[in-house]
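File shown: work.txt (compact mmCIF, C-alpha atoms).
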```txt
# COMPACT_ATOMS: atom_id res chain seq x y z
CA MET A 1 -48.83 -3.03 -76.53
CA TRP A 2 -47.65 -0.12 -78.60
CA TYR A 3 -47.60 2.27 -75.65
CA LEU A 4 -44.13 0.98 -74.88
CA ASN A 5 -42.95 2.79 -77.96
CA ALA A 6 -42.11 6.43 -77.26
CA TYR A 7 -42.89 7.44 -80.86
CA THR A 8 -46.44 6.18 -80.33
CA ILE A 9 -46.88 8.57 -77.43
CA LEU A 10 -45.48 11.48 -79.42
CA SER A 11 -47.65 10.81 -82.48
CA LEU A 12 -50.78 10.42 -80.35
CA LEU A 13 -50.00 13.73 -78.63
CA GLY A 14 -49.62 15.34 -82.05
CA MET A 15 -52.95 13.91 -83.12
CA ALA A 16 -54.62 15.20 -79.96
CA VAL A 17 -53.28 18.71 -80.63
CA LEU A 18 -54.52 18.59 -84.25
CA LEU A 19 -57.99 17.42 -83.16
CA SER A 20 -58.14 20.16 -80.51
CA VAL A 21 -57.38 22.79 -83.14
CA LEU A 22 -60.00 21.30 -85.46
CA GLY A 23 -62.42 21.34 -82.50
CA LEU A 24 -62.53 25.14 -82.87
CA TRP A 25 -64.19 24.62 -86.27
CA LYS A 26 -67.84 24.19 -85.29
CA GLY A 27 -70.71 22.89 -87.35
CA ARG A 28 -71.20 20.05 -89.78
CA THR A 29 -68.13 20.70 -91.93
CA GLY A 30 -65.90 20.94 -88.87
CA ARG A 31 -67.21 17.65 -87.51
CA PHE A 32 -66.70 15.97 -90.88
CA ALA A 33 -63.12 17.27 -91.00
CA ARG A 34 -62.42 15.96 -87.48
CA LYS A 35 -63.82 12.50 -88.26
CA THR A 36 -61.90 12.28 -91.54
CA VAL A 37 -58.63 13.35 -89.92
CA LEU A 38 -59.17 10.90 -87.05
CA LEU A 39 -59.78 8.05 -89.50
CA LEU A 40 -56.81 8.93 -91.71
CA PHE A 41 -54.60 9.11 -88.64
CA SER A 42 -55.88 5.72 -87.36
CA VAL A 43 -55.31 3.92 -90.66
CA GLY A 44 -51.96 5.66 -91.19
CA PHE A 45 -50.84 4.80 -87.66
CA ILE A 46 -51.70 1.13 -88.17
CA ALA A 47 -50.01 1.14 -91.62
CA VAL A 48 -46.76 2.44 -90.12
CA TYR A 49 -46.93 -0.34 -87.55
CA SER A 50 -47.79 -3.05 -90.08
CA ALA A 51 -49.00 -2.66 -93.67
CA LYS A 52 -50.59 -6.11 -93.53
CA LEU A 53 -52.57 -5.16 -90.42
CA ALA A 54 -53.71 -1.93 -92.10
CA VAL A 55 -55.05 -3.78 -95.18
CA PHE A 56 -56.72 -6.37 -92.96
CA SER A 57 -58.26 -3.66 -90.73
CA VAL A 58 -59.69 -1.75 -93.69
CA LEU A 59 -61.25 -4.93 -95.13
CA TYR A 60 -62.50 -6.00 -91.69
CA VAL A 61 -64.17 -2.62 -91.11
CA ALA A 62 -65.72 -2.58 -94.61
CA LEU A 63 -67.14 -6.10 -94.27
CA ASN A 64 -68.55 -5.44 -90.83
CA TYR A 65 -70.05 -2.14 -91.91
CA ALA A 66 -71.80 -4.04 -94.73
CA LEU A 67 -73.16 -6.49 -92.13
CA TYR A 68 -74.18 -3.56 -89.90
CA ARG A 69 -76.13 -1.98 -92.76
CA LEU A 70 -77.62 -5.37 -93.62
CA ILE A 71 -79.07 -5.70 -90.10
CA LEU A 72 -80.42 -2.15 -90.34
CA GLY A 73 -81.84 -2.57 -93.82
CA VAL A 74 -83.47 -6.00 -93.98
CA SER A 75 -87.16 -6.49 -93.25
CA ASP A 76 -88.20 -7.44 -89.70
CA ARG A 77 -88.68 -11.03 -90.82
CA TRP A 78 -84.98 -11.41 -91.70
CA LYS A 79 -83.51 -9.04 -89.12
CA LYS A 80 -82.87 -11.69 -86.48
CA THR A 81 -81.28 -14.06 -89.03
CA ALA A 82 -78.96 -11.29 -90.26
CA PHE A 83 -78.09 -10.35 -86.66
CA VAL A 84 -77.23 -13.93 -85.64
CA PHE A 85 -75.34 -14.58 -88.88
CA ALA A 86 -73.24 -11.41 -88.50
CA ILE A 87 -72.21 -12.35 -84.95
CA ALA A 88 -71.55 -16.02 -85.79
CA ALA A 89 -69.46 -15.06 -88.87
CA ASN A 90 -67.27 -12.77 -86.76
CA ILE A 91 -66.72 -15.34 -84.01
CA ALA A 92 -65.92 -18.01 -86.62
CA ALA A 93 -63.44 -15.67 -88.36
CA LEU A 94 -61.60 -15.03 -85.09
CA PHE A 95 -61.53 -18.75 -84.33
CA VAL A 96 -60.06 -19.54 -87.78
CA LEU A 97 -57.43 -16.81 -87.40
CA ARG A 98 -56.44 -18.27 -84.05
CA LEU A 99 -56.00 -21.67 -85.71
CA PHE A 100 -53.59 -19.99 -88.13
CA ALA A 101 -51.80 -18.38 -85.20
CA ASP A 102 -51.24 -21.67 -83.35
CA GLY A 103 -50.00 -23.37 -86.55
CA THR A 104 -52.98 -25.67 -87.25
CA PHE A 105 -53.41 -23.94 -90.64
CA GLU A 106 -50.71 -22.26 -92.70
CA SER A 107 -50.82 -19.45 -95.24
CA GLU A 108 -48.36 -16.89 -96.52
CA TRP A 109 -51.11 -14.26 -96.15
CA PHE A 110 -51.34 -14.78 -92.44
CA ALA A 111 -49.22 -12.93 -89.87
CA PRO A 112 -49.66 -13.02 -86.07
CA VAL A 113 -49.95 -9.22 -86.09
CA LEU A 114 -53.42 -9.58 -87.66
CA LEU A 115 -54.67 -10.72 -84.27
CA LEU A 116 -53.49 -7.51 -82.59
CA GLY A 117 -56.45 -6.13 -80.67
CA LEU A 118 -58.85 -8.34 -82.60
CA VAL A 119 -60.49 -9.82 -79.50
CA TYR A 120 -61.37 -6.28 -78.42
CA THR A 121 -62.46 -5.20 -81.89
CA LEU A 122 -64.72 -8.26 -82.04
CA LEU A 123 -66.56 -7.12 -78.89
CA LYS A 124 -66.99 -3.64 -80.38
CA VAL A 125 -68.28 -5.14 -83.65
CA ILE A 126 -70.83 -7.25 -81.76
CA ASN A 127 -71.87 -4.17 -79.77
CA SER A 128 -72.47 -2.33 -83.05
CA PHE A 129 -74.66 -5.22 -84.28
CA PHE A 130 -76.69 -5.01 -81.06
CA HIS A 131 -76.96 -1.29 -81.70
CA ALA A 132 -78.29 -1.92 -85.22
CA TYR A 133 -80.67 -4.65 -84.06
CA TYR A 134 -82.13 -3.01 -80.94
CA VAL A 135 -81.61 0.75 -81.39
CA ALA A 136 -81.41 1.38 -85.17
CA GLU A 137 -80.28 4.96 -84.56
CA LYS A 138 -81.18 7.64 -87.08
CA PRO A 139 -79.39 9.05 -88.94
CA ALA A 140 -77.59 5.74 -89.41
CA PRO A 141 -73.86 6.05 -88.70
CA GLY A 142 -71.76 6.39 -91.84
CA LEU A 143 -68.74 4.32 -92.81
CA ILE A 144 -66.30 6.95 -91.52
CA GLU A 145 -67.97 7.01 -88.08
CA TYR A 146 -68.06 3.22 -87.98
CA ALA A 147 -64.37 2.97 -88.95
CA CYS A 148 -63.41 5.63 -86.37
CA TYR A 149 -65.14 3.53 -83.70
CA LEU A 150 -63.44 0.25 -84.58
CA LEU A 151 -59.99 1.71 -85.26
CA PHE A 152 -59.80 4.33 -82.47
CA ILE A 153 -56.08 4.04 -81.69
CA PRO A 154 -56.00 4.69 -77.89
CA THR A 155 -58.27 1.68 -77.25
CA PHE A 156 -57.34 -0.44 -80.27
CA THR A 157 -55.09 -3.10 -78.73
CA SER A 158 -56.45 -3.60 -75.20
CA GLY A 159 -59.60 -1.57 -74.56
CA PRO A 160 -61.32 -0.21 -72.50
CA ILE A 161 -64.28 -1.46 -74.54
CA MET A 162 -66.44 1.46 -75.62
CA ARG A 163 -70.10 1.24 -76.52
CA PHE A 164 -70.95 2.31 -80.06
CA HIS A 165 -73.66 4.80 -79.08
CA GLU A 166 -71.41 6.47 -76.50
CA PHE A 167 -68.57 6.80 -78.99
CA LEU A 168 -70.97 8.23 -81.59
CA ARG A 169 -72.33 10.74 -79.08
CA ASP A 170 -68.81 12.09 -78.44
CA LEU A 171 -67.76 11.95 -82.08
CA ARG A 172 -70.83 13.90 -83.20
CA ALA A 173 -70.58 16.54 -80.48
CA ASP A 174 -69.03 19.96 -80.99
CA LYS A 175 -66.53 19.71 -78.18
CA THR A 176 -63.98 22.29 -77.22
CA ILE A 177 -61.01 20.86 -75.38
CA THR A 178 -60.65 22.88 -72.18
CA ILE A 179 -57.51 23.44 -70.12
CA GLU A 180 -59.00 21.17 -67.40
CA MET A 181 -59.43 18.35 -69.92
CA VAL A 182 -55.83 18.78 -71.09
CA THR A 183 -54.42 18.82 -67.52
CA ASP A 184 -56.53 15.84 -66.54
CA GLY A 185 -55.63 13.90 -69.68
CA VAL A 186 -51.89 14.57 -69.44
CA LYS A 187 -51.81 13.61 -65.74
CA ARG A 188 -53.64 10.40 -66.54
CA ILE A 189 -51.18 9.56 -69.34
CA ILE A 190 -48.15 10.17 -67.10
CA ARG A 191 -49.68 8.01 -64.34
CA GLY A 192 -50.39 5.24 -66.82
CA LEU A 193 -46.94 5.36 -68.36
CA PHE A 194 -45.34 5.30 -64.92
CA LYS A 195 -47.32 2.17 -64.02
CA LYS A 196 -46.79 0.43 -67.34
CA VAL A 197 -43.22 1.38 -68.18
CA VAL A 198 -41.57 1.75 -64.76
CA LEU A 199 -43.47 -0.28 -62.15
CA VAL A 200 -44.37 -3.22 -64.38
CA SER A 201 -40.79 -3.49 -65.71
CA LEU A 202 -39.39 -3.58 -62.17
CA MET A 203 -42.01 -6.08 -60.99
CA MET A 204 -41.53 -8.28 -64.04
CA ASP A 205 -37.82 -8.60 -63.18
CA GLY A 206 -38.78 -9.71 -59.66
CA TYR A 207 -41.39 -12.15 -60.98
CA GLN A 208 -38.92 -13.75 -63.39
CA ARG A 209 -36.31 -14.10 -60.66
CA LEU A 210 -38.85 -15.73 -58.32
CA THR A 211 -40.03 -18.24 -60.92
CA GLU A 212 -36.54 -19.28 -62.06
CA GLY A 213 -35.88 -22.07 -59.59
CA ASP A 214 -37.89 -24.30 -57.23
CA MET A 215 -40.08 -22.49 -54.75
CA THR A 216 -41.12 -22.74 -51.11
CA ALA A 217 -44.73 -22.17 -50.03
CA ALA A 218 -43.93 -18.59 -48.98
CA GLU A 219 -42.28 -17.89 -52.35
CA SER A 220 -45.27 -19.37 -54.22
CA ALA A 221 -47.67 -17.18 -52.25
CA GLY A 222 -45.43 -14.15 -52.76
CA THR A 223 -45.18 -14.85 -56.51
CA LEU A 224 -48.95 -15.02 -56.87
CA LEU A 225 -49.49 -11.79 -54.95
CA LEU A 226 -46.76 -10.08 -56.95
CA TYR A 227 -48.25 -11.29 -60.22
CA TYR A 228 -51.71 -10.11 -59.17
CA VAL A 229 -50.44 -6.59 -58.41
CA LEU A 230 -48.33 -6.66 -61.59
CA LEU A 231 -51.42 -7.49 -63.66
CA TYR A 232 -53.24 -4.61 -62.01
CA PHE A 233 -50.51 -2.05 -62.76
CA ASP A 234 -50.03 -3.38 -66.27
CA PHE A 235 -53.64 -3.28 -67.26
CA SER A 236 -54.82 -0.27 -65.28
CA GLY A 237 -51.75 1.60 -66.57
CA TYR A 238 -52.77 0.81 -70.12
CA SER A 239 -56.32 1.94 -69.38
CA ASP A 240 -55.05 5.20 -67.82
CA ILE A 241 -53.11 6.01 -70.99
CA ALA A 242 -56.09 5.18 -73.22
CA ILE A 243 -58.46 7.27 -71.06
CA GLY A 244 -55.98 10.16 -71.02
CA PHE A 245 -55.56 10.22 -74.79
CA GLY A 246 -59.31 9.78 -75.21
CA ARG A 247 -59.90 12.93 -73.15
CA LEU A 248 -57.36 14.88 -75.17
CA MET A 249 -59.14 13.79 -78.35
CA GLY A 250 -62.62 14.62 -77.02
CA ILE A 251 -63.71 11.00 -76.59
CA ASP A 252 -64.87 9.93 -73.14
CA VAL A 253 -63.24 6.51 -72.71
CA PRO A 254 -64.95 4.63 -69.82
CA GLU A 255 -63.17 3.71 -66.60
CA ASN A 256 -61.87 0.16 -66.48
CA PHE A 257 -60.58 -0.16 -62.91
CA LYS A 258 -62.75 1.19 -60.10
CA LYS A 259 -60.79 0.42 -56.91
CA PRO A 260 -61.03 -3.36 -57.41
CA PHE A 261 -58.97 -4.16 -54.30
CA SER A 262 -61.78 -2.88 -52.10
CA SER A 263 -64.41 -5.31 -53.41
CA PRO A 264 -66.07 -7.35 -50.63
CA THR A 265 -67.45 -10.02 -52.99
CA LEU A 266 -66.23 -11.55 -56.22
CA THR A 267 -69.37 -10.34 -58.01
CA GLN A 268 -68.50 -6.78 -57.02
CA PHE A 269 -64.87 -7.42 -57.89
CA TRP A 270 -65.82 -8.19 -61.51
CA ARG A 271 -67.75 -4.93 -61.70
CA ASN A 272 -64.60 -3.05 -60.68
CA TRP A 273 -61.77 -5.00 -62.35
CA HIS A 274 -61.69 -4.69 -66.15
CA ALA A 275 -65.17 -3.24 -65.71
CA THR A 276 -65.87 -2.66 -69.39
CA LEU A 277 -65.31 -6.35 -70.16
CA GLY A 278 -67.64 -7.39 -67.32
CA ASP A 279 -70.23 -4.86 -68.50
CA TRP A 280 -69.95 -6.15 -72.05
CA PHE A 281 -70.61 -9.76 -71.03
CA ARG A 282 -73.43 -8.70 -68.72
CA GLU A 283 -75.13 -6.65 -71.44
CA HIS A 284 -74.56 -8.99 -74.39
CA VAL A 285 -74.60 -12.49 -72.94
CA PHE A 286 -76.02 -12.53 -69.41
CA GLN A 287 -78.97 -10.22 -70.20
CA MET A 288 -79.86 -12.22 -73.31
CA PHE A 289 -80.62 -15.28 -71.23
CA ALA A 290 -81.77 -13.60 -68.04
CA THR A 291 -85.43 -13.79 -67.12
CA LYS A 292 -87.48 -11.72 -64.70
CA SER A 293 -88.08 -14.56 -62.29
CA GLN A 294 -84.60 -16.00 -62.51
CA SER A 295 -83.85 -18.69 -59.94
CA ARG A 296 -80.63 -18.71 -57.99
CA LEU A 297 -79.63 -21.95 -59.69
CA ILE A 298 -79.98 -20.44 -63.18
CA ALA A 299 -78.11 -17.29 -62.10
CA ALA A 300 -75.32 -19.51 -60.72
CA PHE A 301 -75.16 -21.53 -63.93
CA MET A 302 -75.11 -18.37 -66.03
CA ALA A 303 -72.26 -16.96 -63.95
CA LEU A 304 -70.25 -20.14 -64.57
CA PHE A 305 -71.07 -20.11 -68.29
CA VAL A 306 -70.13 -16.44 -68.71
CA MET A 307 -66.82 -16.85 -66.87
CA VAL A 308 -65.84 -19.83 -69.05
CA LEU A 309 -66.63 -17.63 -72.08
CA VAL A 310 -64.50 -14.84 -70.61
CA GLY A 311 -61.68 -17.38 -70.14
CA LEU A 312 -61.98 -18.54 -73.77
CA TRP A 313 -62.08 -14.94 -74.92
CA HIS A 314 -58.66 -14.39 -73.29
CA GLY A 315 -57.23 -17.34 -75.19
CA ILE A 316 -57.86 -20.89 -76.30
CA GLY A 317 -55.98 -23.07 -73.86
CA ILE A 318 -56.50 -25.29 -70.88
CA LEU A 319 -55.22 -22.69 -68.38
CA PHE A 320 -57.70 -20.03 -69.55
CA ILE A 321 -60.56 -22.55 -69.38
CA LEU A 322 -59.49 -23.54 -65.86
CA TRP A 323 -59.28 -19.85 -64.92
CA GLY A 324 -62.86 -19.35 -66.20
CA VAL A 325 -64.12 -22.43 -64.37
CA TYR A 326 -62.38 -21.34 -61.14
CA HIS A 327 -63.95 -17.86 -61.17
CA GLY A 328 -67.24 -19.25 -62.48
CA ILE A 329 -67.54 -21.68 -59.58
CA LEU A 330 -66.79 -18.94 -57.04
CA LEU A 331 -69.37 -16.63 -58.62
CA ALA A 332 -71.89 -19.46 -58.80
CA LEU A 333 -71.38 -20.14 -55.08
CA GLU A 334 -71.94 -16.46 -54.28
CA ASN A 335 -75.19 -16.59 -56.24
CA LEU A 336 -76.35 -19.78 -54.55
CA LEU A 337 -75.50 -18.46 -51.07
CA ARG A 338 -76.97 -15.02 -51.85
CA GLN A 339 -73.69 -13.32 -51.12
CA THR A 340 -73.28 -11.36 -54.34
CA THR A 341 -73.24 -7.88 -52.79
CA VAL A 342 -72.22 -6.44 -49.46
CA ASN A 343 -73.27 -2.95 -48.46
CA LYS A 344 -70.31 -1.11 -46.93
CA ARG A 345 -72.60 1.09 -44.79
CA LYS A 346 -74.43 -1.85 -43.25
CA THR A 347 -71.28 -3.84 -42.42
CA SER A 348 -68.66 -3.26 -39.78
CA LYS A 349 -65.29 -2.01 -41.03
CA LEU A 350 -63.52 -5.13 -39.79
CA GLN A 351 -65.96 -7.47 -41.53
CA PHE A 352 -65.88 -5.42 -44.73
CA TRP A 353 -62.09 -5.33 -45.03
CA THR A 354 -61.76 -8.98 -44.02
CA ARG A 355 -64.07 -9.87 -46.88
CA CYS A 356 -62.05 -7.67 -49.26
CA ALA A 357 -58.84 -9.43 -48.17
CA ILE A 358 -60.42 -12.86 -48.73
CA VAL A 359 -61.68 -11.87 -52.19
CA ASN A 360 -58.22 -10.56 -53.12
CA LEU A 361 -56.59 -13.78 -51.93
CA PHE A 362 -58.96 -15.84 -54.07
CA VAL A 363 -58.30 -13.64 -57.11
CA ALA A 364 -54.54 -13.72 -56.51
CA PHE A 365 -54.66 -17.52 -56.39
CA GLY A 366 -56.61 -17.51 -59.66
CA THR A 367 -53.78 -15.71 -61.43
CA ILE A 368 -51.92 -19.03 -61.35
CA PHE A 369 -54.06 -20.03 -64.35
CA PHE A 370 -53.67 -16.63 -65.95
CA SER A 371 -49.89 -16.79 -66.30
CA ALA A 372 -50.56 -18.77 -69.54
CA ASN A 373 -47.49 -20.82 -68.76
CA THR A 374 -48.09 -24.38 -67.57
CA ASP A 375 -44.48 -24.83 -66.35
CA VAL A 376 -44.66 -21.78 -64.09
CA ALA A 377 -48.15 -22.74 -62.89
CA GLU A 378 -46.89 -26.22 -61.96
CA LYS A 379 -43.84 -24.79 -60.22
CA ILE A 380 -45.99 -22.46 -58.11
CA LEU A 381 -48.39 -25.28 -57.19
CA ARG A 382 -45.50 -27.60 -56.24
CA GLY A 383 -44.06 -24.78 -54.11
CA PHE A 384 -47.14 -24.87 -51.86
CA GLY A 385 -46.06 -28.41 -50.85
CA HIS A 386 -42.65 -27.21 -49.58
CA TRP A 387 -43.12 -25.60 -46.19
CA MET B 1 -54.44 29.73 -50.35
CA GLY B 2 -50.94 28.78 -49.21
CA GLY B 3 -52.02 25.19 -48.68
CA LYS B 4 -53.46 25.00 -52.18
CA LEU B 5 -50.24 26.37 -53.65
CA ILE B 6 -48.10 23.87 -51.76
CA ARG B 7 -50.38 21.04 -52.83
CA ALA B 8 -50.18 22.09 -56.47
CA ALA B 9 -46.38 22.38 -56.25
CA VAL B 10 -46.04 18.93 -54.67
CA GLU B 11 -48.34 17.44 -57.30
CA PHE B 12 -46.31 19.08 -60.06
CA ILE B 13 -43.05 17.69 -58.67
CA VAL B 14 -44.51 14.18 -58.28
CA TYR B 15 -45.76 14.12 -61.87
CA LEU B 16 -42.47 15.55 -63.12
CA LEU B 17 -40.56 12.81 -61.29
CA MET B 18 -42.84 10.15 -62.74
CA LEU B 19 -42.27 11.56 -66.22
CA LEU B 20 -38.51 11.58 -65.69
CA CYS B 21 -38.61 7.94 -64.57
CA VAL B 22 -40.63 7.01 -67.68
CA THR B 23 -38.15 8.82 -69.95
CA ALA B 24 -35.24 7.12 -68.16
CA PHE B 25 -36.85 3.72 -68.70
CA PHE B 26 -37.56 4.40 -72.36
CA THR B 27 -34.00 5.49 -73.08
CA GLY B 28 -32.41 3.17 -70.52
CA HIS B 29 -33.44 0.12 -72.50
CA GLY B 30 -31.02 1.22 -75.20
CA THR B 31 -33.70 2.03 -77.68
CA PHE B 32 -36.54 4.45 -78.00
CA ILE B 33 -38.62 1.79 -79.69
CA TYR B 34 -39.99 -1.30 -78.02
CA GLU B 35 -39.46 -4.20 -80.38
CA GLY B 36 -42.48 -6.45 -80.69
CA PHE B 37 -45.53 -6.69 -78.49
```

Mind converting the file's structure to structure tokens?
Amino acid sequence: MWYLNAYTILSLLGMAVLLSVLGLWKGRTGRFARKTVLLLFSVGFIAVYSAKLAVFSVLYVALNYALYRLILGVSDRWKKTAFVFAIAANIAALFVLRLFADGTFESEWFAPVLLLGLVYTLLKVINSFFHAYYVAEKPAPGLIEYACYLLFIPTFTSGPIMRFHEFLRDLRADKTITIEMVTDGVKRIIRGLFKKVVLVSLMMDGYQRLTEGDMTAAESAGTLLLYYVLLYFDFSGYSDIAIGFGRLMGIDVPENFKKPFSSPTLTQFWRNWHATLGDWFREHVFQMFATKSQSRLIAAFMALFVMVLVGLWHGIGILFILWGVYHGILLALENLLRQTTVNKRKTSKLQFWTRCAIVNLFVAFGTIFFSANTDVAEKILRGFGHW
Amino acid sequence: MGGKLIRAAVEFIVYLLMLLCVTAFFTGHGTFIYEGF
């Protein structure tokens, strides 16, 4: 969460100005200069934050680039094996690092900062392996391009999750930053900072005050709604800042929050809330197992399975698993009852907004598991018994 | 034309106020650097 550091904002603005100036240098040499400067800035930025994280990131990128080239280079017979191995090795590495983080293993080489943004980087790495396995783009991306993708500072710690081919398209383009792009980007950054620094701080104070003592049912409900809106401002604020800086640097960072409060079904909600995460799981997990003549029962099971995975991706803990199961069951029910999408034009306004309100209430209730704090979760649940 | 100008002016003031609030929060916490994450 380095956007809460004002020096971060200033250095990113400086970088954006430098890249804009370099953008005037067209052609192959200009593009090479831009990529090199972007990479040097990314590694330097991480090194200032933590030298250990910088060394780890460089090694992580180099190893994964080797795996990427391996998938591209091996014969068709071994391609699938290399692809599966590369993904499994990355998931196992993250799992082991998490065991170090929770104290199961100990080592003087380990520091919790190594996990900063790693869950997001893992998804980008897997996307690059899919890219190598299914697309095998030519010319093959070089190490600098690959490193720029994984270490792109605006999205490094918390997304939005970019697709490798989209990032490459922007990185390889001769883009001139226009005045509209600058205005748009700066406005987006200010909006994001206002949400993240001002609104979230104020709401967090309120949330902490509410969860201090015992609660009544009304306070429990209020706490959940407040936490739900807080999560929205926190995360959409972060995404706004990342998108804004992306625009200033000539990289089109995808939208992450597409009016999620006006989603009439939970399925639609997950296409609008943290959209890039939902898209990632749809493209990399759901699609892998989906068949043309998929029955409702299989679709329901897959929805449950994917949501448990999403829960585990957020963190290894009983509350995250429960959160995944809760959303998975709701999505499975929508699939079984054929209620996954509602067309706004074919529904009355009253019915549409009633459905949106119900979906939001269900999601708000689900945040009880997302607080990652069993004491608070218990307190809120007990509060519902005190009318 | 006049409407557009007023709209742009209002938008500018709103963004300026937001930026001022952000700066106040950054400095109001006693430090320009957020410790930890």

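Atom CA of A:Ile190 is found 6.1 Å from atom CA of B:Leu19.
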
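Counting only C-alpha atoms and comparing B:Val22, B:Ile6, B:Leu17, B:Thr27, the residue that lies closest to chain A is B:Val22.
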
(request) Compile the residues of chain A that lie within 10 Å of chain B, evaluated using all atoms listed in the file, and express the compilation as a ChimeraX atom specification. (result) /A:1-8,113,116,186-199,201

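You will find atom CA of A:Phe286 at 15.2 Å from atom CA of A:Gly311.
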
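One finds atom CA of A:Met307 at 16.9 Å from atom CA of A:Ser371.
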